[in-house]
$ cat coords-v1.cif   # mmCIF, N, CA and C atoms; chains and numbers go by the auth columns
data_query
loop_
_atom_site.group_PDB
_atom_site.id
_atom_site.type_symbol
_atom_site.label_atom_id
_atom_site.label_comp_id
_atom_site.label_asym_id
_atom_site.label_seq_id
_atom_site.Cartn_x
_atom_site.Cartn_y
_atom_site.Cartn_z
_atom_site.B_iso_or_equiv
_atom_site.auth_seq_id
_atom_site.auth_asym_id
ATOM 1 N N MET A 1 16.661 -9.514 -10.481 0.00 1 A
ATOM 2 C CA MET A 1 15.621 -9.297 -11.459 0.00 1 A
ATOM 3 C C MET A 1 14.943 -7.968 -11.168 0.00 1 A
ATOM 4 N N GLU A 2 14.964 -7.094 -12.115 0.00 2 A
ATOM 5 C CA GLU A 2 14.427 -5.752 -11.956 0.00 2 A
ATOM 6 C C GLU A 2 12.924 -5.740 -12.228 0.00 2 A
ATOM 7 N N CYS A 3 12.188 -5.020 -11.374 0.00 3 A
ATOM 8 C CA CYS A 3 10.738 -4.911 -11.527 0.00 3 A
ATOM 9 C C CYS A 3 10.444 -3.698 -12.412 0.00 3 A
ATOM 10 N N ASN A 4 9.754 -3.913 -13.507 0.00 4 A
ATOM 11 C CA ASN A 4 9.452 -2.838 -14.441 0.00 4 A
ATOM 12 C C ASN A 4 8.000 -2.394 -14.360 0.00 4 A
ATOM 13 N N GLN A 5 7.345 -2.662 -13.236 0.00 5 A
ATOM 14 C CA GLN A 5 5.955 -2.258 -13.099 0.00 5 A
ATOM 15 C C GLN A 5 5.842 -0.746 -13.094 0.00 5 A
ATOM 16 N N LYS A 6 4.785 -0.248 -13.722 0.00 6 A
ATOM 17 C CA LYS A 6 4.501 1.183 -13.744 0.00 6 A
ATOM 18 C C LYS A 6 3.183 1.413 -13.019 0.00 6 A
ATOM 19 N N ILE A 7 3.080 2.567 -12.366 0.00 7 A
ATOM 20 C CA ILE A 7 1.883 2.954 -11.641 0.00 7 A
ATOM 21 C C ILE A 7 1.330 4.192 -12.323 0.00 7 A
ATOM 22 N N VAL A 8 0.057 4.165 -12.677 0.00 8 A
ATOM 23 C CA VAL A 8 -0.576 5.290 -13.352 0.00 8 A
ATOM 24 C C VAL A 8 -1.415 6.048 -12.329 0.00 8 A
ATOM 25 N N ILE A 9 -1.115 7.340 -12.148 0.00 9 A
ATOM 26 C CA ILE A 9 -1.882 8.224 -11.269 0.00 9 A
ATOM 27 C C ILE A 9 -2.264 9.432 -12.099 0.00 9 A
ATOM 28 N N GLY A 10 -3.535 9.496 -12.467 0.00 10 A
ATOM 29 C CA GLY A 10 -3.965 10.566 -13.355 0.00 10 A
ATOM 30 C C GLY A 10 -3.294 10.389 -14.700 0.00 10 A
ATOM 31 N N GLU A 11 -2.560 11.404 -15.106 0.00 11 A
ATOM 32 C CA GLU A 11 -1.830 11.329 -16.379 0.00 11 A
ATOM 33 C C GLU A 11 -0.352 11.019 -16.166 0.00 11 A
ATOM 34 N N ARG A 12 0.033 10.769 -14.926 0.00 12 A
ATOM 35 C CA ARG A 12 1.430 10.488 -14.608 0.00 12 A
ATOM 36 C C ARG A 12 1.677 8.990 -14.582 0.00 12 A
ATOM 37 N N ILE A 13 2.841 8.593 -15.058 0.00 13 A
ATOM 38 C CA ILE A 13 3.261 7.204 -15.017 0.00 13 A
ATOM 39 C C ILE A 13 4.542 7.147 -14.191 0.00 13 A
ATOM 40 N N LEU A 14 4.478 6.400 -13.086 0.00 14 A
ATOM 41 C CA LEU A 14 5.598 6.341 -12.152 0.00 14 A
ATOM 42 C C LEU A 14 6.052 4.908 -11.956 0.00 14 A
ATOM 43 N N THR A 15 7.322 4.761 -11.592 0.00 15 A
ATOM 44 C CA THR A 15 7.792 3.460 -11.128 0.00 15 A
ATOM 45 C C THR A 15 7.513 3.399 -9.631 0.00 15 A
ATOM 46 N N ARG A 16 7.609 2.227 -9.072 0.00 16 A
ATOM 47 C CA ARG A 16 7.388 2.076 -7.630 0.00 16 A
ATOM 48 C C ARG A 16 8.407 2.903 -6.851 0.00 16 A
ATOM 49 N N GLU A 17 9.650 2.935 -7.298 0.00 17 A
ATOM 50 C CA GLU A 17 10.686 3.708 -6.617 0.00 17 A
ATOM 51 C C GLU A 17 10.370 5.199 -6.656 0.00 17 A
ATOM 52 N N ASP A 18 9.896 5.698 -7.813 0.00 18 A
ATOM 53 C CA ASP A 18 9.518 7.110 -7.926 0.00 18 A
ATOM 54 C C ASP A 18 8.404 7.452 -6.954 0.00 18 A
ATOM 55 N N LEU A 19 7.417 6.578 -6.861 0.00 19 A
ATOM 56 C CA LEU A 19 6.289 6.811 -5.967 0.00 19 A
ATOM 57 C C LEU A 19 6.761 6.866 -4.517 0.00 19 A
ATOM 58 N N TYR A 20 7.587 5.930 -4.086 0.00 20 A
ATOM 59 C CA TYR A 20 8.093 5.917 -2.720 0.00 20 A
ATOM 60 C C TYR A 20 8.953 7.147 -2.435 0.00 20 A
ATOM 61 N N ARG A 21 9.753 7.563 -3.413 0.00 21 A
ATOM 62 C CA ARG A 21 10.608 8.735 -3.240 0.00 21 A
ATOM 63 C C ARG A 21 9.746 9.992 -3.048 0.00 21 A
ATOM 64 N N GLU A 22 8.698 10.144 -3.854 0.00 22 A
ATOM 65 C CA GLU A 22 7.816 11.305 -3.735 0.00 22 A
ATOM 66 C C GLU A 22 7.060 11.289 -2.408 0.00 22 A
ATOM 67 N N GLU A 23 6.595 10.121 -1.982 0.00 23 A
ATOM 68 C CA GLU A 23 5.893 10.027 -0.703 0.00 23 A
ATOM 69 C C GLU A 23 6.804 10.422 0.448 0.00 23 A
ATOM 70 N N GLU A 24 8.050 9.996 0.419 0.00 24 A
ATOM 71 C CA GLU A 24 9.005 10.340 1.474 0.00 24 A
ATOM 72 C C GLU A 24 9.285 11.840 1.473 0.00 24 A
ATOM 73 N N GLU A 25 9.415 12.440 0.302 0.00 25 A
ATOM 74 C CA GLU A 25 9.656 13.873 0.203 0.00 25 A
ATOM 75 C C GLU A 25 8.469 14.667 0.761 0.00 25 A
ATOM 76 N N LEU A 26 7.250 14.253 0.428 0.00 26 A
ATOM 77 C CA LEU A 26 6.060 14.926 0.948 0.00 26 A
ATOM 78 C C LEU A 26 5.952 14.767 2.458 0.00 26 A
ATOM 79 N N ARG A 27 6.313 13.592 2.983 0.00 27 A
ATOM 80 C CA ARG A 27 6.283 13.368 4.422 0.00 27 A
ATOM 81 C C ARG A 27 7.250 14.313 5.130 0.00 27 A
ATOM 82 N N ARG A 28 8.428 14.497 4.561 0.00 28 A
ATOM 83 C CA ARG A 28 9.415 15.398 5.155 0.00 28 A
ATOM 84 C C ARG A 28 8.942 16.849 5.112 0.00 28 A
ATOM 85 N N GLU A 29 8.287 17.246 4.008 0.00 29 A
ATOM 86 C CA GLU A 29 7.751 18.608 3.914 0.00 29 A
ATOM 87 C C GLU A 29 6.683 18.844 4.981 0.00 29 A
ATOM 88 N N ARG A 30 5.806 17.865 5.182 0.00 30 A
ATOM 89 C CA ARG A 30 4.766 18.006 6.211 0.00 30 A
ATOM 90 C C ARG A 30 5.383 18.052 7.598 0.00 30 A
ATOM 91 N N ALA A 31 6.447 17.307 7.820 0.00 31 A
ATOM 92 C CA ALA A 31 7.106 17.298 9.126 0.00 31 A
ATOM 93 C C ALA A 31 7.745 18.650 9.442 0.00 31 A
ATOM 94 N N ARG A 32 8.133 19.402 8.425 0.00 32 A
ATOM 95 C CA ARG A 32 8.760 20.709 8.634 0.00 32 A
ATOM 96 C C ARG A 32 7.752 21.820 8.900 0.00 32 A
ATOM 97 N N LEU A 33 6.453 21.554 8.732 0.00 33 A
ATOM 98 C CA LEU A 33 5.453 22.583 8.986 0.00 33 A
ATOM 99 C C LEU A 33 5.454 22.970 10.457 0.00 33 A
ATOM 100 N N SER A 34 5.110 24.223 10.731 0.00 34 A
ATOM 101 C CA SER A 34 5.022 24.662 12.121 0.00 34 A
ATOM 102 C C SER A 34 3.804 24.030 12.778 0.00 34 A
ATOM 103 N N PHE A 35 3.809 24.015 14.102 0.00 35 A
ATOM 104 C CA PHE A 35 2.691 23.453 14.852 0.00 35 A
ATOM 105 C C PHE A 35 1.395 24.197 14.512 0.00 35 A
ATOM 106 N N GLU A 36 1.480 25.529 14.411 0.00 36 A
ATOM 107 C CA GLU A 36 0.300 26.334 14.100 0.00 36 A
ATOM 108 C C GLU A 36 -0.283 25.970 12.734 0.00 36 A
ATOM 109 N N GLU A 37 0.592 25.744 11.759 0.00 37 A
ATOM 110 C CA GLU A 37 0.130 25.383 10.418 0.00 37 A
ATOM 111 C C GLU A 37 -0.527 24.001 10.429 0.00 37 A
ATOM 112 N N LYS A 38 0.019 23.086 11.208 0.00 38 A
ATOM 113 C CA LYS A 38 -0.573 21.749 11.321 0.00 38 A
ATOM 114 C C LYS A 38 -1.973 21.831 11.938 0.00 38 A
ATOM 115 N N ILE A 39 -2.156 22.707 12.946 0.00 39 A
ATOM 116 C CA ILE A 39 -3.469 22.881 13.572 0.00 39 A
ATOM 117 C C ILE A 39 -4.454 23.473 12.570 0.00 39 A
ATOM 118 N N LYS A 40 -4.021 24.440 11.762 0.00 40 A
ATOM 119 C CA LYS A 40 -4.903 25.019 10.737 0.00 40 A
ATOM 120 C C LYS A 40 -5.353 23.951 9.749 0.00 40 A
ATOM 121 N N ILE A 41 -4.450 23.075 9.367 0.00 41 A
ATOM 122 C CA ILE A 41 -4.791 21.985 8.448 0.00 41 A
ATOM 123 C C ILE A 41 -5.797 21.046 9.098 0.00 41 A
ATOM 124 N N LEU A 42 -5.574 20.730 10.389 0.00 42 A
ATOM 125 C CA LEU A 42 -6.485 19.858 11.120 0.00 42 A
ATOM 126 C C LEU A 42 -7.887 20.457 11.186 0.00 42 A
ATOM 127 N N VAL A 43 -7.990 21.743 11.476 0.00 43 A
ATOM 128 C CA VAL A 43 -9.293 22.401 11.543 0.00 43 A
ATOM 129 C C VAL A 43 -9.966 22.361 10.172 0.00 43 A
ATOM 130 N N GLY A 44 -9.209 22.579 9.123 0.00 44 A
ATOM 131 C CA GLY A 44 -9.770 22.486 7.769 0.00 44 A
ATOM 132 C C GLY A 44 -10.316 21.100 7.473 0.00 44 A
ATOM 133 N N LEU A 45 -9.594 20.067 7.915 0.00 45 A
ATOM 134 C CA LEU A 45 -10.064 18.697 7.722 0.00 45 A
ATOM 135 C C LEU A 45 -11.319 18.415 8.549 0.00 45 A
ATOM 136 N N GLN A 46 -11.385 18.988 9.756 0.00 46 A
ATOM 137 C CA GLN A 46 -12.575 18.823 10.586 0.00 46 A
ATOM 138 C C GLN A 46 -13.796 19.465 9.920 0.00 46 A
ATOM 139 N N LYS A 47 -13.614 20.648 9.337 0.00 47 A
ATOM 140 C CA LYS A 47 -14.712 21.313 8.633 0.00 47 A
ATOM 141 C C LYS A 47 -15.161 20.489 7.431 0.00 47 A
ATOM 142 N N LEU A 48 -14.206 19.931 6.715 0.00 48 A
ATOM 143 C CA LEU A 48 -14.533 19.084 5.574 0.00 48 A
ATOM 144 C C LEU A 48 -15.319 17.857 6.017 0.00 48 A
ATOM 145 N N ALA A 49 -14.884 17.220 7.094 0.00 49 A
ATOM 146 C CA ALA A 49 -15.581 16.040 7.602 0.00 49 A
ATOM 147 C C ALA A 49 -16.990 16.397 8.045 0.00 49 A
ATOM 148 N N TYR A 50 -17.153 17.562 8.654 0.00 50 A
ATOM 149 C CA TYR A 50 -18.477 17.987 9.129 0.00 50 A
ATOM 150 C C TYR A 50 -19.420 18.220 7.951 0.00 50 A
ATOM 151 N N SER A 51 -18.954 18.935 6.943 0.00 51 A
ATOM 152 C CA SER A 51 -19.826 19.245 5.804 0.00 51 A
ATOM 153 C C SER A 51 -20.077 18.023 4.925 0.00 51 A
ATOM 154 N N TRP A 52 -19.123 17.125 4.880 0.00 52 A
ATOM 155 C CA TRP A 52 -19.260 15.941 4.034 0.00 52 A
ATOM 156 C C TRP A 52 -20.172 14.900 4.675 0.00 52 A
ATOM 157 N N GLY A 53 -19.999 14.690 5.966 0.00 53 A
ATOM 158 C CA GLY A 53 -20.745 13.648 6.647 0.00 53 A
ATOM 159 C C GLY A 53 -22.116 14.080 7.134 0.00 53 A
ATOM 160 N N LYS A 54 -22.334 15.387 7.274 0.00 54 A
ATOM 161 C CA LYS A 54 -23.603 15.914 7.783 0.00 54 A
ATOM 162 C C LYS A 54 -23.978 15.278 9.122 0.00 54 A
ATOM 163 N N LYS A 55 -22.989 15.047 9.958 0.00 55 A
ATOM 164 C CA LYS A 55 -23.229 14.461 11.272 0.00 55 A
ATOM 165 C C LYS A 55 -22.997 15.529 12.338 0.00 55 A
ATOM 166 N N GLY A 56 -23.801 15.504 13.359 0.00 56 A
ATOM 167 C CA GLY A 56 -23.680 16.483 14.427 0.00 56 A
ATOM 168 C C GLY A 56 -22.624 16.152 15.454 0.00 56 A
ATOM 169 N N ASP A 57 -22.053 14.984 15.406 0.00 57 A
ATOM 170 C CA ASP A 57 -21.080 14.586 16.423 0.00 57 A
ATOM 171 C C ASP A 57 -19.635 14.921 16.045 0.00 57 A
ATOM 172 N N VAL A 58 -19.428 15.665 14.974 0.00 58 A
ATOM 173 C CA VAL A 58 -18.079 16.054 14.560 0.00 58 A
ATOM 174 C C VAL A 58 -17.725 17.351 15.279 0.00 58 A
ATOM 175 N N ILE A 59 -16.577 17.356 15.933 0.00 59 A
ATOM 176 C CA ILE A 59 -16.127 18.535 16.677 0.00 59 A
ATOM 177 C C ILE A 59 -15.175 19.334 15.789 0.00 59 A
ATOM 178 N N ILE A 60 -15.432 20.644 15.706 0.00 60 A
ATOM 179 C CA ILE A 60 -14.552 21.522 14.948 0.00 60 A
ATOM 180 C C ILE A 60 -13.891 22.469 15.949 0.00 60 A
ATOM 181 N N TRP A 61 -12.582 22.429 16.022 0.00 61 A
ATOM 182 C CA TRP A 61 -11.848 23.293 16.930 0.00 61 A
ATOM 183 C C TRP A 61 -11.950 24.741 16.478 0.00 61 A
ATOM 184 N N LYS A 62 -11.865 25.646 17.411 0.00 62 A
ATOM 185 C CA LYS A 62 -11.844 27.077 17.102 0.00 62 A
ATOM 186 C C LYS A 62 -10.398 27.546 17.194 0.00 62 A
ATOM 187 N N ILE A 63 -9.987 28.331 16.203 0.00 63 A
ATOM 188 C CA ILE A 63 -8.617 28.879 16.257 0.00 63 A
ATOM 189 C C ILE A 63 -8.664 30.376 16.264 0.00 63 A
#
$ encode --input "coords-v1.cif" --output "structure tokens"
Amino acid sequence: MECNQKIVIGERILTREDLYREEEELRRERARLSFEEKIKILVGLQKLAYSWGKKGDVIIWKI
């Protein structure tokens, strides 16, 4: 029995298989990033967390 459920994300309509396929492709792209690029992304996320949470206990690495 085939599942015909659709998932709506924004204006896109995906099947469950399409969603899983895209997630796997994005995971592989992130895995191919260099270590330096991953650290830059991490620092960006730390800055976002600091400005969003307004908490003094968030550590932001220096690069």
$ closest_residue --input "coords-v1.cif" --among "A:Ala31, A:Leu19, A:Ile60, A:Ile13" --to "Gly44 of chain A" --atoms "only N, CA and C atoms"
A:Ile60
$ select_by_dssp --input "coords-v1.cif" --residues "chain A" --states "helix (DSSP H, G or I)" --output "PDB file with N, CA and C atoms, keeping the file's coordinate frame"
ATOM      1  N   ARG A  16       7.609   2.227  -9.072  1.00  0.00           N
ATOM      2  CA  ARG A  16       7.388   2.076  -7.630  1.00  0.00           C
ATOM      3  C   ARG A  16       8.407   2.903  -6.851  1.00  0.00           C
ATOM      4  N   GLU A  17       9.650   2.935  -7.298  1.00  0.00           N
ATOM      5  CA  GLU A  17      10.686   3.708  -6.617  1.00  0.00           C
ATOM      6  C   GLU A  17      10.370   5.199  -6.656  1.00  0.00           C
ATOM      7  N   ASP A  18       9.896   5.698  -7.813  1.00  0.00           N
ATOM      8  CA  ASP A  18       9.518   7.110  -7.926  1.00  0.00           C
ATOM      9  C   ASP A  18       8.404   7.452  -6.954  1.00  0.00           C
ATOM     10  N   LEU A  19       7.417   6.578  -6.861  1.00  0.00           N
ATOM     11  CA  LEU A  19       6.289   6.811  -5.967  1.00  0.00           C
ATOM     12  C   LEU A  19       6.761   6.866  -4.517  1.00  0.00           C
ATOM     13  N   TYR A  20       7.587   5.930  -4.086  1.00  0.00           N
ATOM     14  CA  TYR A  20       8.093   5.917  -2.720  1.00  0.00           C
ATOM     15  C   TYR A  20       8.953   7.147  -2.435  1.00  0.00           C
ATOM     16  N   ARG A  21       9.753   7.563  -3.413  1.00  0.00           N
ATOM     17  CA  ARG A  21      10.608   8.735  -3.240  1.00  0.00           C
ATOM     18  C   ARG A  21       9.746   9.992  -3.048  1.00  0.00           C
ATOM     19  N   GLU A  22       8.698  10.144  -3.854  1.00  0.00           N
ATOM     20  CA  GLU A  22       7.816  11.305  -3.735  1.00  0.00           C
ATOM     21  C   GLU A  22       7.060  11.289  -2.408  1.00  0.00           C
ATOM     22  N   GLU A  23       6.595  10.121  -1.982  1.00  0.00           N
ATOM     23  CA  GLU A  23       5.893  10.027  -0.703  1.00  0.00           C
ATOM     24  C   GLU A  23       6.804  10.422   0.448  1.00  0.00           C
ATOM     25  N   GLU A  24       8.050   9.996   0.419  1.00  0.00           N
ATOM     26  CA  GLU A  24       9.005  10.340   1.474  1.00  0.00           C
ATOM     27  C   GLU A  24       9.285  11.840   1.473  1.00  0.00           C
ATOM     28  N   GLU A  25       9.415  12.440   0.302  1.00  0.00           N
ATOM     29  CA  GLU A  25       9.656  13.873   0.203  1.00  0.00           C
ATOM     30  C   GLU A  25       8.469  14.667   0.761  1.00  0.00           C
ATOM     31  N   LEU A  26       7.250  14.253   0.428  1.00  0.00           N
ATOM     32  CA  LEU A  26       6.060  14.926   0.948  1.00  0.00           C
ATOM     33  C   LEU A  26       5.952  14.767   2.458  1.00  0.00           C
ATOM     34  N   ARG A  27       6.313  13.592   2.983  1.00  0.00           N
ATOM     35  CA  ARG A  27       6.283  13.368   4.422  1.00  0.00           C
ATOM     36  C   ARG A  27       7.250  14.313   5.130  1.00  0.00           C
ATOM     37  N   ARG A  28       8.428  14.497   4.561  1.00  0.00           N
ATOM     38  CA  ARG A  28       9.415  15.398   5.155  1.00  0.00           C
ATOM     39  C   ARG A  28       8.942  16.849   5.112  1.00  0.00           C
ATOM     40  N   GLU A  29       8.287  17.246   4.008  1.00  0.00           N
ATOM     41  CA  GLU A  29       7.751  18.608   3.914  1.00  0.00           C
ATOM     42  C   GLU A  29       6.683  18.844   4.981  1.00  0.00           C
ATOM     43  N   ARG A  30       5.806  17.865   5.182  1.00  0.00           N
ATOM     44  CA  ARG A  30       4.766  18.006   6.211  1.00  0.00           C
ATOM     45  C   ARG A  30       5.383  18.052   7.598  1.00  0.00           C
ATOM     46  N   ALA A  31       6.447  17.307   7.820  1.00  0.00           N
ATOM     47  CA  ALA A  31       7.106  17.298   9.126  1.00  0.00           C
ATOM     48  C   ALA A  31       7.745  18.650   9.442  1.00  0.00           C
ATOM     49  N   PHE A  35       3.809  24.015  14.102  1.00  0.00           N
ATOM     50  CA  PHE A  35       2.691  23.453  14.852  1.00  0.00           C
ATOM     51  C   PHE A  35       1.395  24.197  14.512  1.00  0.00           C
ATOM     52  N   GLU A  36       1.480  25.529  14.411  1.00  0.00           N
ATOM     53  CA  GLU A  36       0.300  26.334  14.100  1.00  0.00           C
ATOM     54  C   GLU A  36      -0.283  25.970  12.734  1.00  0.00           C
ATOM     55  N   GLU A  37       0.592  25.744  11.759  1.00  0.00           N
ATOM     56  CA  GLU A  37       0.130  25.383  10.418  1.00  0.00           C
ATOM     57  C   GLU A  37      -0.527  24.001  10.429  1.00  0.00           C
ATOM     58  N   LYS A  38       0.019  23.086  11.208  1.00  0.00           N
ATOM     59  CA  LYS A  38      -0.573  21.749  11.321  1.00  0.00           C
ATOM     60  C   LYS A  38      -1.973  21.831  11.938  1.00  0.00           C
ATOM     61  N   ILE A  39      -2.156  22.707  12.946  1.00  0.00           N
ATOM     62  CA  ILE A  39      -3.469  22.881  13.572  1.00  0.00           C
ATOM     63  C   ILE A  39      -4.454  23.473  12.570  1.00  0.00           C
ATOM     64  N   LYS A  40      -4.021  24.440  11.762  1.00  0.00           N
ATOM     65  CA  LYS A  40      -4.903  25.019  10.737  1.00  0.00           C
ATOM     66  C   LYS A  40      -5.353  23.951   9.749  1.00  0.00           C
ATOM     67  N   ILE A  41      -4.450  23.075   9.367  1.00  0.00           N
ATOM     68  CA  ILE A  41      -4.791  21.985   8.448  1.00  0.00           C
ATOM     69  C   ILE A  41      -5.797  21.046   9.098  1.00  0.00           C
ATOM     70  N   LEU A  42      -5.574  20.730  10.389  1.00  0.00           N
ATOM     71  CA  LEU A  42      -6.485  19.858  11.120  1.00  0.00           C
ATOM     72  C   LEU A  42      -7.887  20.457  11.186  1.00  0.00           C
ATOM     73  N   VAL A  43      -7.990  21.743  11.476  1.00  0.00           N
ATOM     74  CA  VAL A  43      -9.293  22.401  11.543  1.00  0.00           C
ATOM     75  C   VAL A  43      -9.966  22.361  10.172  1.00  0.00           C
ATOM     76  N   GLY A  44      -9.209  22.579   9.123  1.00  0.00           N
ATOM     77  CA  GLY A  44      -9.770  22.486   7.769  1.00  0.00           C
ATOM     78  C   GLY A  44     -10.316  21.100   7.473  1.00  0.00           C
ATOM     79  N   LEU A  45      -9.594  20.067   7.915  1.00  0.00           N
ATOM     80  CA  LEU A  45     -10.064  18.697   7.722  1.00  0.00           C
ATOM     81  C   LEU A  45     -11.319  18.415   8.549  1.00  0.00           C
ATOM     82  N   GLN A  46     -11.385  18.988   9.756  1.00  0.00           N
ATOM     83  CA  GLN A  46     -12.575  18.823  10.586  1.00  0.00           C
ATOM     84  C   GLN A  46     -13.796  19.465   9.920  1.00  0.00           C
ATOM     85  N   LYS A  47     -13.614  20.648   9.337  1.00  0.00           N
ATOM     86  CA  LYS A  47     -14.712  21.313   8.633  1.00  0.00           C
ATOM     87  C   LYS A  47     -15.161  20.489   7.431  1.00  0.00           C
ATOM     88  N   LEU A  48     -14.206  19.931   6.715  1.00  0.00           N
ATOM     89  CA  LEU A  48     -14.533  19.084   5.574  1.00  0.00           C
ATOM     90  C   LEU A  48     -15.319  17.857   6.017  1.00  0.00           C
ATOM     91  N   ALA A  49     -14.884  17.220   7.094  1.00  0.00           N
ATOM     92  CA  ALA A  49     -15.581  16.040   7.602  1.00  0.00           C
ATOM     93  C   ALA A  49     -16.990  16.397   8.045  1.00  0.00           C
ATOM     94  N   TYR A  50     -17.153  17.562   8.654  1.00  0.00           N
ATOM     95  CA  TYR A  50     -18.477  17.987   9.129  1.00  0.00           C
ATOM     96  C   TYR A  50     -19.420  18.220   7.951  1.00  0.00           C
ATOM     97  N   SER A  51     -18.954  18.935   6.943  1.00  0.00           N
ATOM     98  CA  SER A  51     -19.826  19.245   5.804  1.00  0.00           C
ATOM     99  C   SER A  51     -20.077  18.023   4.925  1.00  0.00           C
ATOM    100  N   TRP A  52     -19.123  17.125   4.880  1.00  0.00           N
ATOM    101  CA  TRP A  52     -19.260  15.941   4.034  1.00  0.00           C
ATOM    102  C   TRP A  52     -20.172  14.900   4.675  1.00  0.00           C
ATOM    103  N   GLY A  53     -19.999  14.690   5.966  1.00  0.00           N
ATOM    104  CA  GLY A  53     -20.745  13.648   6.647  1.00  0.00           C
ATOM    105  C   GLY A  53     -22.116  14.080   7.134  1.00  0.00           C
TER     106      GLY A  53
END
$ atom_distance --input "coords-v1.cif" --atom1 "atom N of Leu33 of chain A" --atom2 "atom CA of Arg16 of chain A"
25.5 Å
$ atom_distance --input "coords-v1.cif" --atom1 "atom CA of Arg21 of chain A" --atom2 "atom CA of Asn4 of chain A"
16.1 Å
$ atom_distance --input "coords-v1.cif" --atom1 "atom CA of Lys40 of chain A" --atom2 "atom CA of Tyr20 of chain A"
26.7 Å
$ select_by_dssp --input "coords-v1.cif" --residues "chain A" --states "strand (DSSP E or B)" --output "VMD selection string"
chain A and resid 6 to 9 12 to 15
$ residues_around --input "coords-v1.cif" --residues "Ala49 of chain A" --least-positions-apart "5" --cutoff "8 Å" --atoms "all atoms listed in the file" --output "MDAnalysis selection string"
chainID A and resid 43:44 54:55 58:59
$ closest_residue --input "coords-v1.cif" --among "A:Ile39, A:Leu48, A:Val8, A:Leu26" --to "Lys62 of chain A" --atoms "only C-alpha atoms"
A:Ile39
$ axis_aligned_box --input "coords-v1.cif" --around "segment 40-53 of chain A" --padding-each-side "4 Å" --output "AutoDock Vina command-line options"
--center_x -13.1 --center_y 19.3 --center_z 7.9 --size_x 26.1 --size_y 19.4 --size_z 15.7
